[in-house]
Amino acid sequence: MALVDLLLVVGIIAGVYSLLAIGMNMHWGDTGLLNFAHAGFFAVGAYTSAILTTPPATGSLATRVVGFDLPIVVGLLAGTVLAGLVGVLIALPSVRLEGDYLAIVTLSAAELIRLLIHNEAWLTTGAQTLKNIPRPLDATIPFSYDLFYFVLVWALVGVCYLLFERLSSSPFGRVLHAIRENDDVPLALGKNTYVFKLKSFGIGAAIAGLAGGLWAHYVYAISSIMFLPSITFLIWAAVIIGGAGSYTGAILGASVIVFLRQITRFIPGDVPFGDQLSYIRLMVVGVVLILVLYYRPQGLLGDAERLQAGTSE
Amino acid sequence: MVLDPQLVWNGLVVGSIISVSALGLTLIFGILNFINIAYGDYMAAGAYVAWAVNAQAGLPIGVAIVAGILVMSVGSVVLDKLVFQHFRTRSPITLLIVSIGVAFFIRNLLRAIWGPSGHFYDLPMEASPSFAGVRFSVEQVAIIVVSLLLLLGVYVMLRRTRIGIAMRAASDDRMLSRIRGVDTEKLVLYVWLIGGAIAGLSGIMLGLDAQIRPNMGFTALIAIFAAVILGGIGDPKGAVAGGYFIGVAQEVSVAVIPSEYKFGVGLVALIIGLLTRPDGLFGEATR
C-alpha cells in the first residue's frame, strides 16, 4: 500500500479515538469524574448502529433474529443517543461515589455490557463477528473511499471539538469545572450537582457512542473482543498525555497514541523483534504515560491549574 | 432449593483465590492509599515465572511456586523504587493512572516474552477423586489448604508482630502513626514484599485452577475489586470474607442464572454493597 493510503487509515483510527478522547475529557477533564466504562459506550454505539442498519441474518446457522436494515444516519444517531442513555443509567447509582470507587464500578459495568454482547446472540450474533455492516455512500464515491471517510470522521471531530469547547466555557461548563474543583461549592450555590454529573456522563458517553458507530461502519465487521477495557485505558492515556481539561490536548493525545500503536505499519516486517513489536509499542505507551505524569503532570497542552482537581478531599 | 455441593465446592476454590488476592490488594491499599490497577498483572507475572521454572526449565512445581512468589515479592519492591516511589506525594488518582501505565508495561512484557497464547503447568497426571458426590482435583484441595494457611499467617502477623501492628496503625491513620514513631517508608517496603508475594501466589493458584494467559490477572481483577470494596477497602478481614462470599455466590448462581452471566454476580454484589454498606461488611473501611 502506498504511504498515503496507510496515513489515511491511521488518520481515520486517530479520528475515532479523538472522538472517544473528547468524551472522556468531558468526564475527567471538565467534571473530574473517573469514567472507566468508555469501551462499553463505544461498544453500545457500534452494535446499535450495526444492528439497525443490517438485515437480520438468514440461513440455517444464523443466530441473530433482530435487524432493521435502516439508513446509516438513523443507526449513527440511535447509537449516539443509546450510548448516552446507557451512560446516564450507569451513572444513576454510581456517580455520587468517591473517585476511585466510581472507577471500579464503571469498569465493571463496561465488562457487564461486553458480557451481554458476547452472550445475547439473538441480538448481537454473540461470540461470532457481526458482519456486512454497510459503509455510507459506498457505491457512489468516485475517488478513494478512505479519503472520503477520513474527511467525514475529521469533519465530525471538528464539529464535536467546537461544540465541546463552547460547552466547556458556557455556564453549564463552569458548573462542571466547579464540581471538579470542589463539589460542595456549587452545591452551596444552589446547583444540583448530581444532575450536572449525570448530564456530563451522558453527553460524554454519547460521543463515545458516535465514535463506535463510525468505527463499525468503517470496519465492516465487529466482535465483542474489540471492546476490551484496554480501549478505555488507551483513551485515558490519550487524555492524560494530551492534557486533561483541554479538548485540543485530547485530540493531540489520541493522535499520539494511535500513531505509537500503528507506527510499526510503516516499518518493514523483517526487523529484529518483528513479532514482538505490537507488544513493545504498548509497553512504550505505558512508559510514556508514566513519564508524562512525572515530568509534565498537566500533559502536553493541559492547564497546570487543572491539577488541583481531585486533591481537595 | 437445595444447594448443589459440587457448586459450593467450586465456589470455595474460586473464593479462596479471590480472598487471597483481595487480601494482597487491600494490604497494599491500606498503606499506599491507591487502587493498583496493575495488581492483576503482578498476579499474571507470578504465574508466568512459575510456569517458566516448571514447564520450560523442567523443575518440580513446588520449586516453581517458591520462585514465582520470590520474584514477585522482590519485583514489587523494584517497581516501587523505579516508579511508584516518585509519585508518593501525588493524589491517589494520579497513582491509579500511573498503575495503568505499569499494567500496560507488564502485560505486554509477558506477551513479548512468552507469547499471547495460553499455557498449563506441567503437573503429574492424577485421577480426580470424588467424595460424597463431589468431584475434586488435588490442585483444588491444595489451593484451599494453602489459602487457609496464608490467611491464618497474615492474621497472626497483623495481630501479633510489631510490623503487623504498625501496618494496621498506618492503615487506620497514617499521620498519627508517624507522629507515634512508625517509620512509614519501611512499612511501604514490607507491604510491597508481602503484597507482591501474595499476588504471585494467587496468580499461580489461578493458573493451577485454569489456564495461564497474559490477561488472566486483569480478567480476575473485577471480582477481586468487588471483594475488596464489599469487605470495606483497606480492611483485610473484610476482603477475605468478601472474597469467599463472591466466589461461592458466583458459582452457586449457576443453578439459577445462565452460567455465562456468573461473572455479573460480583458486579451486582459490588453495586448493592456500595449503596447499602459503603464502609464494608464490618464497617471498618479505612476511608
# chains A, B, ... in the order shown; residues from 1 in each chain; ligands from 1
$ closest_atom_pairs --of "chain A" --to "chain B" --cutoff "6 Å" --atoms "only C-alpha atoms" --output "CSV"
residue,atom,partner,partner_atom,distance
A:Gln276,CA,B:Ala112,CA,5.1
A:Tyr279,CA,B:Asn108,CA,5.0
A:Met283,CA,B:Phe105,CA,4.3
A:Gly286,CA,B:Gly101,CA,3.9
A:Leu289,CA,B:Gly101,CA,5.8
A:Ile290,CA,B:Val98,CA,5.6
A:Thr311,CA,B:Ser91,CA,5.9
$ select_by_dssp --residues "range 81-241 of chain A" --states "helix (DSSP H, G or I)" --output "PyMOL selection string"
chain A and resi 81-94+99-119+121-124+145-169+171-181+184-188+193-219+224-227+229-241
$ atom_distance --atom1 "CA of Pro214 in chain B" --atom2 "CA of Gly75 in chain B"
17.1 Å
$ residues_around --residues "range 141-149 of chain A" --least-positions-apart "6" --cutoff "12 Å" --atoms "only C-alpha atoms" --output "list in words"
Val4, Asp5, Leu6, Leu7, Leu8, Val9, Val10, Gly11, Ile12, Ile13, Gly15, Val16, Arg135, Ala155, Leu156, Leu214, Trp215, His217, Tyr218 and Val219 of chain A
$ write_last_selection --atoms "N, CA and C atoms" --output "JSON list (two decimals), in the first residue's frame"
[["chain", "number", "residue", "atom", "x", "y", "z"],
["A", 4, "VAL", "N", 0.42, 7.12, 1.38],
["A", 4, "VAL", "CA", -0.75, 7.99, 1.58],
["A", 4, "VAL", "C", -1.93, 7.17, 2.09],
["A", 5, "ASP", "N", -2.13, 5.98, 1.50],
["A", 5, "ASP", "CA", -3.25, 5.13, 1.91],
["A", 5, "ASP", "C", -3.11, 4.72, 3.38],
["A", 6, "LEU", "N", -1.87, 4.36, 3.74],
["A", 6, "LEU", "CA", -1.62, 3.99, 5.14],
["A", 6, "LEU", "C", -1.93, 5.16, 6.07],
["A", 7, "LEU", "N", -1.46, 6.34, 5.67],
["A", 7, "LEU", "CA", -1.69, 7.51, 6.52],
["A", 7, "LEU", "C", -3.18, 7.78, 6.67],
["A", 8, "LEU", "N", -3.96, 7.54, 5.61],
["A", 8, "LEU", "CA", -5.41, 7.75, 5.70],
["A", 8, "LEU", "C", -6.03, 6.79, 6.70],
["A", 9, "VAL", "N", -5.62, 5.51, 6.64],
["A", 9, "VAL", "CA", -6.17, 4.52, 7.58],
["A", 9, "VAL", "C", -5.84, 4.93, 9.01],
["A", 10, "VAL", "N", -4.57, 5.25, 9.24],
["A", 10, "VAL", "CA", -4.16, 5.67, 10.58],
["A", 10, "VAL", "C", -4.91, 6.93, 11.00],
["A", 11, "GLY", "N", -5.12, 7.83, 10.03],
["A", 11, "GLY", "CA", -5.84, 9.07, 10.31],
["A", 11, "GLY", "C", -7.28, 8.80, 10.72],
["A", 12, "ILE", "N", -7.93, 7.84, 10.07],
["A", 12, "ILE", "CA", -9.33, 7.51, 10.41],
["A", 12, "ILE", "C", -9.39, 6.96, 11.83],
["A", 13, "ILE", "N", -8.46, 6.04, 12.13],
["A", 13, "ILE", "CA", -8.44, 5.49, 13.50],
["A", 13, "ILE", "C", -8.20, 6.61, 14.52],
["A", 15, "GLY", "N", -9.01, 9.67, 14.22],
["A", 15, "GLY", "CA", -10.22, 10.47, 14.34],
["A", 15, "GLY", "C", -11.23, 9.83, 15.29],
["A", 16, "VAL", "N", -11.42, 8.51, 15.15],
["A", 16, "VAL", "CA", -12.35, 7.79, 16.02],
["A", 16, "VAL", "C", -11.88, 7.89, 17.48],
["A", 135, "ARG", "N", -21.19, 0.50, 4.50],
["A", 135, "ARG", "CA", -20.43, 1.75, 4.56],
["A", 135, "ARG", "C", -21.26, 2.84, 3.92],
["A", 155, "ALA", "N", -14.34, 15.76, 9.95],
["A", 155, "ALA", "CA", -15.34, 16.82, 9.99],
["A", 155, "ALA", "C", -16.16, 16.70, 11.27],
["A", 156, "LEU", "N", -16.53, 15.45, 11.61],
["A", 156, "LEU", "CA", -17.30, 15.23, 12.84],
["A", 156, "LEU", "C", -16.45, 15.56, 14.07],
["A", 214, "LEU", "N", -19.25, 5.15, 13.99],
["A", 214, "LEU", "CA", -18.33, 5.44, 12.88],
["A", 214, "LEU", "C", -17.34, 4.30, 12.68],
["A", 215, "TRP", "N", -16.89, 3.74, 13.80],
["A", 215, "TRP", "CA", -15.94, 2.63, 13.74],
["A", 215, "TRP", "C", -16.57, 1.41, 13.06],
["A", 217, "HIS", "N", -19.12, 1.23, 11.01],
["A", 217, "HIS", "CA", -19.41, 1.40, 9.59],
["A", 217, "HIS", "C", -18.14, 1.48, 8.76],
["A", 218, "TYR", "N", -17.00, 1.66, 9.40],
["A", 218, "TYR", "CA", -15.76, 1.67, 8.63],
["A", 218, "TYR", "C", -15.18, 0.26, 8.50],
["A", 219, "VAL", "N", -15.23, -0.53, 9.58],
["A", 219, "VAL", "CA", -14.52, -1.81, 9.58],
["A", 219, "VAL", "C", -15.35, -2.99, 9.08]]
$ residues_around --residues "range 94-106 of chain A" --least-positions-apart "6" --cutoff "6 Å" --atoms "only C-alpha atoms" --output "number ranges by chain"
A: 34-37
